[in-house]
Structure formats: structure tokens, C-alpha cells
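*Asks:* Below: one structure in C-alpha cells.
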Amino acid sequence: MSPTNYLLLSALLFSIGAVGVLVRRNAVVVFMCIELMLNAVNLTLVTFSRINGTLDGQVMAFFVMVVAAAEVVVGLAIITSIFRTRQSSSVDDANLLKY
Amino acid sequence: MSTVAVLAQAGGVEALTSTGEAIAFWIFGPVALASALGMVFARHAVHCALLLALTMFSLAILYVIQQAPFLGFTQIIVYTGAVMMLFLFVLMLVGKDSRDSVVEVLRGQRVAALVLGLGMAGLLVAALARSLTSVQPAPGAGLGPNNLGGLGRLIFTVYLGPFELTSALLITAALGAMVLAHAQSSTHEKRTQRQTVIARLRGEHARISPLPGPGVYATANSVAVPALLPDGSIAPESLSEIIESVAVDVPDTSTPDAHSLTGRSSPDRSIDAGEPNDVSTPDGSHSGTEKES
Amino acid sequence: MTTTLPALSALAQEAQPAVGEATGTASLAWLLFALPAAGALVLFLTGRRSDRWGHWLGLLTVVASFVIGLLIFLETVGLAPGERTRELALYSWIGSGSLNVDFGLRLDPLSLTFVLLITGVGSLIHLYSVGYMSHDPGRRRFFAQLNLFVAAMLVLVLANNFVLLYLGWEGVGLASYLLIGFYQDRPAAATAAKKAFLMNRVGDVGLALAIFLLWLELGTTQYNEVFGRIGEVPSGTVLAVTLLLLLGACGKSGQFPLQSWLPDAMEGPTPVSALIHAATMVTAGVYLIARTNPIYDLTETGRLVVALIGVVTLLIGAIIGCAYDDIKKVLAYSTVSQIGYMILAVGLGPAGYALGIFHLLTHGFFKAGLFLGAGSVMHAMNDDVDMRRFGGLWRKMPVTFVTFGLGYLALIGFPFLSGYFSKDAIIEAAFAQEGWQGWVFGGAAALAAGLTAFYMTRLMFMTFFGERRWEKVPAHNGEAYHPHESPATMTVPMIVLAFGSVGAGAALYPVLPEWLAPTVGELRELEGGALPHAVVPWLVVGLSALGVLAGYLFVGRRPVPVERPERVSLPVRAARADLYANAINESVVERPGTWLTRILVYFDNRGVDGAVNGIAAGLGGSSGRLRRLQTGFVRSYALSMLGGSVLIVAAMLAVRFA
């Protein structure tokens with residue numbers, strides 16, 4: 001089996017995540033889809049690390065995880081504070097910043 | 001679908017890795033894909049979270065079989081463990097709205113998203129299929145089941161600067177989350193005890209003293225037991241609005257009762273605390289108990 | 001000034017007299033204009049508080065200026081002729097790149113002559129105004145503006161560069177505007193002031209352009225350097241400069257074709273007419289041409305144009321003067337005509353500069369005296385100016401009659417009075433020109449002398465002799481006339497000016513050309529020409545006598561109708577209409593200007609504004625539609641991002657695999 005399969009899987013997961021971001025309205029679910037996209041990228045990094053025989057890809061994936069964790073913490077805090085003021089977690093309801 | 005064909009074609013390439021890896025991939029790859037699709041289509045947010053956890057778990061397995069065990073376990077501990085639990089907590093907080101409505105408000109959004117997603121997938125897959133036809137894993141020196149030492153060496157030597165930066169980022173994120181999630185009640189200022197007392201003495205409340213607590217003579221501390229005033233009558237304020245009070249013995253204050261401290265009942269003097277003329281019970285549908293204000 | 005001089009001395013000293021530093025009394029020359037300016041400032045600023053003593057302050061500052069001017073004059077006379085041109089640099093006024101203008105004064109025979117004329121006549125007229133304006137509530141304002149005029153006029157004549165001259169030039173224009181419109185409640189006065197200001201503006205543009213041209217060519221505006229280096233300038237530019245300077249002179253001096261503002265300026269108080277519109281300001285054009293004589297010396301054509309303008313103007317003035325019944329307007333057209341003589345004189349070149357200035361001085365005396373006399377008559381006649389209502393006044397106001405009569409005799413060139421010397425000299429010089437010029441210039445000047453005698457005689461007869469028509473009709477304000485002699489503050493200046501009218505010519509004739517020689521060059525007596533010198537005085541005196549006779553026959557011998565006869569011959573009608581100068585101005589300048597303005601306004605509204613507003617509306621409309629893209633929905637934005645990403649990936653693949 002060629003390692004390309006991992007990359008193909010990753011591409012599909014990334015696209016699924018992107019579509020999820022576009023079609024879901026619950027902010028928490030949108031966030032989950034973003035996490036899915038990040039994970040897809042991580043899989044790519046790990047696979048390339050293996051193909052190249054170096055560990056740098058894994059280090060990069062590690063950093064992605066850390067940054068993603070930080071992002072999740074802040075993002076979820078923003079979602080809760082929005083929910084507290086607007087009684088809604090739908091991204092469509094927060095649309096005041098417009099024309 | 002072309003994607004499937006490409007996948008099948010990729011699988012048909014001469015095996016460059018072990019058979020066990022191929023088996024694991026063909027098990028967990030489709031699982032990850034299916035649960036990802038399920039996450040996008042599931043209507044209930046909790047289902048989404050669980051399906052995402054499954055995807056991440058499958059990816060963790062794939063990391064491990066790709067000779068990245070540290071990342072695999074980090075994935076399980078950090079993502080499926082911590083991050084997804086955090087998601088579930090937030091879903092609990094915002095639970096009221098956790099179900100998406102099926103009506104799409106943005107016209108053409110779903111179709112456009114689908115077209116663009118398929119286009120993205122098709123482009124990426126086509127690019128990969130054309131450019132990476134015969135790659136195989138390099139017999140890297142640092143790779144292998146015990147690469148944890150190499151990874152640590154790399155992180156703490158070459159990538160020390162970025163590593164320290166990520167730690168600063170994490171602290172900043174933690175602080176930011178605290179600030180954002182902290183409930184700022186700007187409408188109602190919190191009073192100190194002293195201010196409350198002064199307000200009471202100024203007559204800003206209905207009464208100066210606190211409401212009498214429930215229970216009498218230590219025979220019972222249940223909320224359902226009304227308090228008795230010194231003359232033996234029932235204090236109306238001690239009756240709860242939503243819990244039906246139990247009957248209570250009113251001790252005979254005219255003749256000292258030797259058993260009064262034991263709380264033993266004397267049938268002739270018991271009254272029914274639930275009498276409507278005793279306690280004015282407002283509408284029982286009140287959900288909150290507001291003792292003051 | 002003195003620091004840059006050595007480098008240019010080689011050129012400058014060729015044609016120009018050496019310029020010395022002003023020392024001694026001359027270093028006080030700045031007080032000449034500073035005192036009246038300070039007086040004007042005080043009078044303007046203190047307002048009503050100085051109503052009681054303000055006119056005395058105004059008089060005092062001008063008299064002090066006159067005394068200082070006299071001291072400087074006496075000091076200068078004591079110097080050798082070659083050292084009489086001195087400069088006093090006060091401070092660096094404008095220093096901007098290569099443009100350096102000093103606030104510097106030039107004390108030379110020409111400027112000192114003017115200083116004495118301005119402050120001397122100015123003092124007399126200030127004194128006269130004390131009496132004349134005694135009943136006017138705006139007397140303090142009047143004196144403030146009169147002081148401002150004196151200061152500006154002194155700056156004009158004392159400047160040692162063109163820019164400072166321009167400052168004074170505009171200053172007198174402003175003062176003239178203010179004083180013509182002094183009676184603010186009269187619409188006619190306001191209109192006349194506006195007219196004077198606008199027509200002066202035409203001339204001022206010419207002067208400004210001339211200064212720009214000189215600066216462009218020579219990089220300096222100092223008289224000394226300009227006159228020293230004018231030979232370097234191409235002849236075409238010199239001609240342009242002289243014509244532009246002439247335009248400026250025409251505007252200020254009421255010369256053809258800008259003459260029509262001067263008669264209207266008589267709406268101002270009579271002392272103003274005497275000082276500004278007869279004696280001093282309107283002669284600024286003559287001063288300008290005399291001052292820039294090194295430039296005019298270089299161009300025959302320029303001088304010819306100047307002389308032609310002078311001839312045309314002196315004829316126009318003399319002809320129109322015969323038709324008016326308004327005493328001040330007759331005097332005003334007489335002024336126009338006499339300044340025409342001066343312009344003709346300076347247009348004759350070296351043969352006439354000194355004569356122009358000479359006539360300017362004598363004219364300053366007798367015309368100021370005539371105006372003051374007219375003012376005295378008006379003062380006595382309820383401010384009426386219509387001569388048809390006068391008559392037989394000589395018994396009622398003897399002093400006015402005598403002084404006015406002497407001015408009259410001086411003006412018509414009665415032998416051995418002022419005008420005889422100065423005007424005859426100009427006519428002689430005109431006849432001395434070669435070829436057709438001698439005949440045309442001389443003939444026109446002599447003819448105008450006859451006309452002058454006619455209209456002035458007419459004025460005299462209508463005002464002072466004949467039947468007392470004012471006994472038959474009430475005044476314009478409804479009251480009866482009570483003619484009376486004017487107070488001493490008014491008669492004293494008239495008497496002094498009458499002495500000047502009689503004696504100035506004889507006194508100045510022998511000395512003035514020599515005195516002015518350092519500035520305007522030696523007076524060159526031309527021989528030959530159209531008529532020999534010996535014949536001309538007889539001819540002129542004869543023509544003047546004919547004019548007087550005609551005046552007696554047409555006016556003095558017959559009764560004068562009180563109402564103006566309307567059925568008159570064509571020439572009289574044309575003269576009454578100012579020879580259609582206003583009509584010509586209106587049809588040639590005003591109406592096309594109005595049309596042009598309308599076209600420009602239309603173009604501005606529709607074209608410029610339309611384009612600008614159209615672009616703005618287009619941008620506003622398109623952005624109003626474009627901003628609809630900002631729906632506020634995050635998912636729309638994310639969709640655009642994904643679309644962009646897909647495009648980029650597609651492009652990269654296309655490039656990679658194409």
C-alpha cells in the first residue's frame with residue numbers, strides 16, 4: 001500500500017470539514033468541523049514525515065495540536081459569551097456587522 | 001464517484017508497506033471518513049461531537065501505525081480526551097440551541113458549499129494522484145517505534161523557540177478564555193454585607209431581619225416544616241411557596257409542657273399549615289425562589 | 001541695497017546717477033509716511049472717542065510731514081546735483097528665494113517734489129476740510145481716510161522699488177475708493193466708488209504685469225538696478241513693459257480709455273476731489289511714467305503711444321467739459337484734460353518729462369484751488385452743484401470769487417500766470433516734434449487750450465456773473481438759498497493756493513528742469529519741428545482769447561435757462577453722454593463679460609459639477625450595491641474564502657500540469 005492513501009484520506013477529510021463549516025449553523029459544530037480540517041492537515045504532516053524519513057513533520061503536527069488546543073479554548077469561550085448575551089449559538093444570528 | 005475510483009486505484013498500487021498496516025488503514029480509514037461524513041450530517045450536536053471523537057480516534061490509530069506513537073497518544077489524550085470533552089461541556093452550556101434547524105436561510109449556500117467541497121476534493125485528489133504515483137516510506141534514521149527520544153531532542157533543541165512561544169500562547173489563551181467566559185453582570189452591582197445592612201435599616205427592604213428559617217425546636221430542619229413564633233403561632237414567612245408544608249404541633253404555651261422540647265405531638269392542638277387563609281400561596285408555577293427584593 | 005550695488009555699478013552708473021546713503025535729516029524720511037499712517041491708525045481705532053479732536057490730529061500729522069519734507073528738501077538742495085539721489089533702506093520687506101524686496105525709500109528731486117506737493121497741498125486741504133466737514137457726523141472717519149491716503153501716496157512716491165510703489169499704488173486706490181464712497185447713504189456714491197475701484201483694477205493689473213515682466217527679465221525690482229540694466233532687456237519686452245505701465249497710468253490718472261471713472265468720483269466730498277482727484281493721486285500715472293523714464297527712453301513706439309493717449313484724452317476732456325452743468329464735473333473733465341497734457345508731455349520723451357512734472361505742479365495748485373472754490377460755492381449753495389441755479393455770486397462771496405478767478409486765469413493760460421508757463425511749454429514741445437507728430441500733437445493741444453478757455457469762461461459766467469437765478473428757484477432740498485462767504489479755515493487754503501496759482505509758474509519755470517535733471521535727465525529743447533517756438537505762445541494765447549470770447553458770447557451775454565435745454569445739437573448731446581464712454585464700456589466690456597460669466601456658470605454647473613457629481617453618484621450607487629455583499633453571515637464569507645482557495649489551487653495545478 002502506498003502512503004499516498006493517507007494523503008488522499010486527508011484530502012477527503014479536509015474537504016468534508018470545509019463543507020461542514022459552510023453548511024452547519026451551530027457554532028460549536030462549526031468549530032468541530034474546523035478541528036476536523038486541522039486533523040486532516042496533521043495526518044498529512046505525519047505522512048510526509050514518514051515519506052521523508054525525518055521527524056520534523058511530526059514536530060509540526062505537535063505544534064498544530066497545541067495551537068489548535070489554544071484556539072479551541074478561546075473559541076469556545078467566545079461562543080459561550082455570545083450565547084450568554086444573545087441566547088443563541090447559531091452563527092447566522094451574529095450578523096450585525098454588515099452593510 | 002471519481003474519488004472512490006481514485007482510492008481504489010491507489011490501493012491497487014504495489015504494496016510498499018506491510019500488510020498489517022494496509023489492513024489497519026483499510027479498517028480505520030473508512031471509519032474516519034464515515035464518521036466525518038456523519039458528523040457533518042448529524043443534526044444533533046452531541047452526536048456530532050461523538051462522531052468527531054471517533055474520527056480523531058481513528059486518526060490516532062493511523063498516526064500510531066505510521067510510526068508516530070507519541071502523536072497518536074497525544075491525539076487521544078488531548079483531542080479525544082480533553083478537547084472533545086470541552087466541546088461537550090460547552091454543548092451542555094448552550095444545550096438549548098444544540099439542534100440545528102433544517103431550514104437553510106442562505107439561498108444557495110448548501111449547493112455552493114457542496115460544489116466547492118467536491119471541487120476542492122477533486123482538485124486535491126487529482127493533484128495527489130498525478131504527482132505522487134510511486135512514493136514509499138523512507139527508511140528514516142529517526143523513525144521507528146521508539147522515536148520519542150528523537151522527537152523530544154528535536155523539540156527542545158531545534159524547535160525550542162517555537163515551543164516556548166506555544167507555551168506563551170497557551171497561557172494567553174487560558175487567560176483570554178477566563179476573561180471571556182467570566183460572567184460580567186454589569187446590570188446588577190454586587191453589594192457588600194455592610195451595604196446590605198445599611199439598605200435594610202433605611203427601609204429599602206420589606207423587613208429588617210432575615211426571613212425566619214424553617215424547623216422548630218430542632219425536631220426537624222426540613223424546608224417543609226414551618227417556623228414557630230415565640231407565642232407558638234406559625235411564622236407565615238417561613239412557609240415555602242412551592243413545597244407543601246407538613247402539619248406541625250403548636251406547643252401549648254399556657255401550660256408548660258414537659259415534652260415540649262422533644263417535639264412530641266399533641267393531637268388537639270395541631271393545625272394544618274397548608275390552610276389557605278394562613279399562607280397566601282401565589283401562583284405555583286414560579287420557577288425561582290426569591291426570598292428578597 | 002548698498003551691498004549689491006558694487007557688482008552692478010558698472011552698468012548702473014552708466015545711465016543712472018550715483019545713489020548715496022541717506023544721512024542727516026533724510027534718515028528721518030520714514031516719518032514722512034509714518035506720521036499720517038499713525039494718525040489714520042489712531043483715528044480708525046479710537047472711534048467715537050476722538051470725534052472732538054480727531055480732525056486736528058489729522059491736520060497735525062500732515063503738517064508735520066510737510067515740515068519734515070521741507071527740511072529734507074532744503075538739505076538736498078544744499079548738495080551737489082550729482083549727490084541728490086539718496087536711498088534709505090528701512091528693512092528687508094520680502095525675502096523669498098530670488099525675490100528680495102527692501103522696504104526702501106528713494107529721496108531724489110522727483111520724489112521730493114512730489115512729497116512737497118502732496119504734504120503741502122494736503123495740509124491746506126486738511127485745513128480746509130476742518131471747516132468744510134464741520135457739520136458732518138463722519139468727520140473723524142473722513143480725516144482717518146484722508147490721512148491714510150496721504151500716507152499711501154507718500155509711500156508711492158518715496159518707494160525705491162516697484163513692489164513698494166505698488167503697495168502705495170493700491171493704498172491710494174483703497175483710500176480713493178473709501179473717500180468716493182464717503183457718503184455711504186447715497187447709492188450714487190457707492191456706485192461711483194465701485195466704478196472707480198473696478199476701473200483702477202484694470203490699470204493695476206497692467207502695472208502688476210509690468211512689474212512681473214521686469215522681475216522675470218532682470219530678477220530685481222529696485223529702480224536703480226532695473227534702470228541700470230534695462231538695456232539688457234529685448235526691445236519687444238521693453239515695449240510690452242512700457243505699454244503695461246501706461247495701462248496702469250491710464251487707470252490711475254483717468255486717461256483714455258479708462259477715463260470715465262474720474263468724473264463719477266466727484267460724488268465724494270469736495271476736498272477729496274481737490275486733493276485726490278485733481279492734485280495728487282490722479283497724477284500718479286504721470287509720476288509713474290516720469291519715474292520710469294529710462295525705460296521709456298528706449299522705445300520710440302512706447303512713447304508715441306503715451307503721447308497719443310495724452311492727446312486723445314485732453315481732447316475728450318476738453319470737449320465733454322463744455323457740455324456739463326455740474327460744476328464739479330466740469331472741473332473733473334478739466335482735470336482729465338489737463339492730465340492728458342501731462343501724459344502728452346511725458347510721452348514726448350526727454351523733451352517733455354520735466355515739463356509734464358512742471359504742469360503737474362502748477363496744475364496741483366490751481367486745480368486744487370478751483371475745486372476748493374467750487375466746494376466753497378457748494379457750501380454756500382446748500383450743496384447744489386448745478387451751475388444753472390447759480391449766477392451773480394461774486395458779490396456774495398468775494399474771497400471765493402477772487403481766488404477762483406485767479407485759478408481760472410491760471411488754467412486758461414493767462415499770460416504770466418502759472419498755466420501760461422507750464423501749458424505753453426508743453427504745447428511748444430509738442431509743436432517741436434518732427435513731421436506729422438508735431439502738427440497733430442501741437443494742433444490738438446492748442447485746440448484744447450482754446451476749448452479749455454471756453455468751458456472755464458462758461459463756468460465763470462454761469463457761477464459768478466449774470467442774473468441771480470438762485471433767487472428764483474428753491475434748492476434741491478426745498479430751502480431757499482442763502483449764499484455766504486465761507487469761514488476762515490476754508491478761505492485761507494484757497495488764498496494760499498491762489499498765490500500758488502499766480503506765482504508757481506514764474507517761480508518754478510527757471511529752476512525746475514535743472515532741479516529734476518538728476519532724475520529725469522536734462523530737458524532737451526527741440527528746435528525746428530512744425531512751428532517755431534516764437535510763434536506758439538501767440539497762437540495759444542490767441543486761441544485762448546477766442547475761447548474766452550466765445551464763452552462771453554454764448555453764455556455771458558445771454559440769459560441762462562434754469563432748466564437744462566433738451567433740444568440740443570448732436571455734438572452737445574454726445575458730450576453730455578461722456579462721448580458715449582460708458583455705453584462703449586458697457587457694450588464692449590460689461591455685456592460680453594456678463595455673457596462669458598453666464599457661460600462659465602453654466603459650464604461649471606452642468607459640466608464640472610455634473611462630471612464630479614456624476615462620478616460621485618456612480619461610485620455611491622455602485623458601492624451601495626456592492627456593499628450588499630457584506631451580508632454579515634460568516635458562512636457566506638467562508639464560502640467566498642473556499643471559492644478563492646479552490647481557484648488558487650486550480651490555478652496552481654493548471655500552471656504545474658499544463
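Lettering and numbering for the C-alpha cells are positional, with chains as A, B, ... in the shown order, residues counted from 1 in each chain, and ligands counted from 1 in the shown order.
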Could you please select, counting only C-alpha atoms, the residues of chain C within 8 Å of chain B and state them as a list in words?

*Replies:*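 For chain C, the answer reads Ser636, Leu639, Leu642, Gly643, Val646, Val649, Ala650 and Leu653 of chain C.
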
*Asks:* Taking only C-alpha atoms into account, report as JSON, numbers by chain which residues of chain A lie within 7 Å of chain B.

*Replies:* {"A": [1, 2, 3, 4, 5, 8, 9, 11, 12, 13, 15, 16, 18, 19, 20, 22, 23, 25, 26, 29, 46, 50, 51, 52, 53, 54, 55, 59, 62, 66, 67, 69, 70, 73, 74, 76, 77, 78, 80, 81, 83, 88, 89]}

*Asks:* Set the cut-off to 8 Å and count only C-alpha atoms: what are the residues of chain A that reach chain C? Output as a list of chain:residue names.

*Replies:* A:Ala18, A:Val21, A:Leu22, A:Val23, A:Val91, A:Asp92, A:Ala94, A:Asn95, A:Leu96, A:Leu97, A:Lys98, A:Tyr99

*Asks:* Contacts of Arg558 in chain C at 12 Å or less, counting only C-alpha atoms, minus same-chain residues fewer than 5 places along, as a list of chain:residue names?

*Replies:*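 Using only C-alpha atoms, the neighbours found are C:Arg458, C:Phe461, C:Met462, C:Phe465, C:Gly466, C:Glu467, C:Ala550, C:Gly551, C:Tyr552, C:Leu553.
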
*Asks:* Please, could you write that set of residues out with C-alpha atoms as a tab-separated table (two decimals), in the first residue's frame?

*Replies:*
```tsv
chain	number	residue	atom	x	y	z
C	458	ARG	CA	-18.68	129.43	-19.36
C	461	PHE	CA	-20.09	133.34	-16.15
C	462	MET	CA	-22.67	130.82	-15.03
C	465	PHE	CA	-21.82	136.65	-13.11
C	466	GLY	CA	-25.13	137.38	-14.67
C	467	GLU	CA	-28.55	137.07	-13.22
C	550	ALA	CA	-16.86	132.56	-27.39
C	551	GLY	CA	-17.70	131.92	-23.76
C	552	TYR	CA	-18.77	135.50	-23.31
C	553	LEU	CA	-20.83	135.47	-26.50
```

*Asks:* Just checking: using only C-alpha atoms, which residue out of C:Ser98, C:Gln433, C:Gln259, C:Ser337 ends up closest to Ala351 in chain C?

*Replies:*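 Closest to Ala351 in chain C, using only C-alpha atoms: C:Gln433.
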
*Asks:* Can you list, as a ChimeraX atom specification, all residues belonging to range 18-245 of chain C that DSSP tags as helix (DSSP H, G or I)?

*Replies:* /C:24-28,30-50,54-77,81-83,109-132,139-158,162-180,187-218,223-232,235-245

*Asks:* May I have the residues within 8 Å of Leu7 in chain A as a PDB file with N, CA and C atoms, in the first residue's frame, using only C-alpha atoms and disregarding those fewer than 6 positions away in the same chain?

*Replies:*
```
ATOM      1  N   LEU A  43      -2.665  14.766   9.706  1.00  0.00           N
ATOM      2  CA  LEU A  43      -2.398  13.460   9.089  1.00  0.00           C
ATOM      3  C   LEU A  43      -1.440  13.629   7.918  1.00  0.00           C
ATOM      4  N   THR A  44      -1.640  14.680   7.142  1.00  0.00           N
ATOM      5  CA  THR A  44      -0.722  14.956   6.029  1.00  0.00           C
ATOM      6  C   THR A  44       0.705  15.130   6.539  1.00  0.00           C
ATOM      7  N   THR A  47       2.214  11.901   7.582  1.00  0.00           N
ATOM      8  CA  THR A  47       2.518  11.048   6.433  1.00  0.00           C
ATOM      9  C   THR A  47       3.762  11.528   5.689  1.00  0.00           C
TER      10      THR A  47
ATOM     11  N   LEU B 128      -2.785  14.900  -6.086  1.00  0.00           N
ATOM     12  CA  LEU B 128      -2.011  13.870  -5.404  1.00  0.00           C
ATOM     13  C   LEU B 128      -1.818  12.664  -6.310  1.00  0.00           C
TER      14      LEU B 128
END
```

*Asks:* Within 9 Å of Val19 in chain C, counting only C-alpha atoms, which residues qualify if same-chain residues fewer than 6 places away don't, as a PyMOL selection string?

*Replies:* chain C and resi 2+82-87+106+224

*Asks:* Might you pull out every residue within 10 Å of Glu485 in chain C, with only C-alpha atoms counted and same-chain residues fewer than 4 positions away left off, and present them as a list in words?

*Replies:*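 Counting only C-alpha atoms, the residues come to Ser376, Val377, His379, Ala380, Leu393, Arg395, Lys396, Met397, Pro398, Val399, Thr400, Phe401, Met490 and Thr491 of chain C.
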
*Asks:* For Asn477 in chain C, list every protein, DNA or RNA residue within 12 Å, evaluated using only C-alpha atoms, and leave out those in the same chain fewer than 2 positions away; present the list as a list in words.

*Replies:* Met381, Asn382, Asp383, Asp384, Val473, Pro474, Ala475, Glu479, Ala480 and Tyr481 of chain C

*Asks:* What is the distance between CA of Gly20 in chain B and CA of Ser58 in chain B, in Å to one decimal?

*Replies:*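 Those two atoms sit 15.5 Å apart.
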
*Asks:* So, with only C-alpha atoms as the atoms that count, which of C:Pro592, C:Gly442, C:Gly203, C:Gly547 lies closest to Tyr341 in chain C?

*Replies:* C:Gly442

*Asks:* Can you tell me how far CA of Glu590 in chain C sits from CA of Lys194 in chain C, in Å to one decimal?

*Replies:*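 Between CA of Glu590 in chain C and CA of Lys194 in chain C the gap is 14.0 Å.
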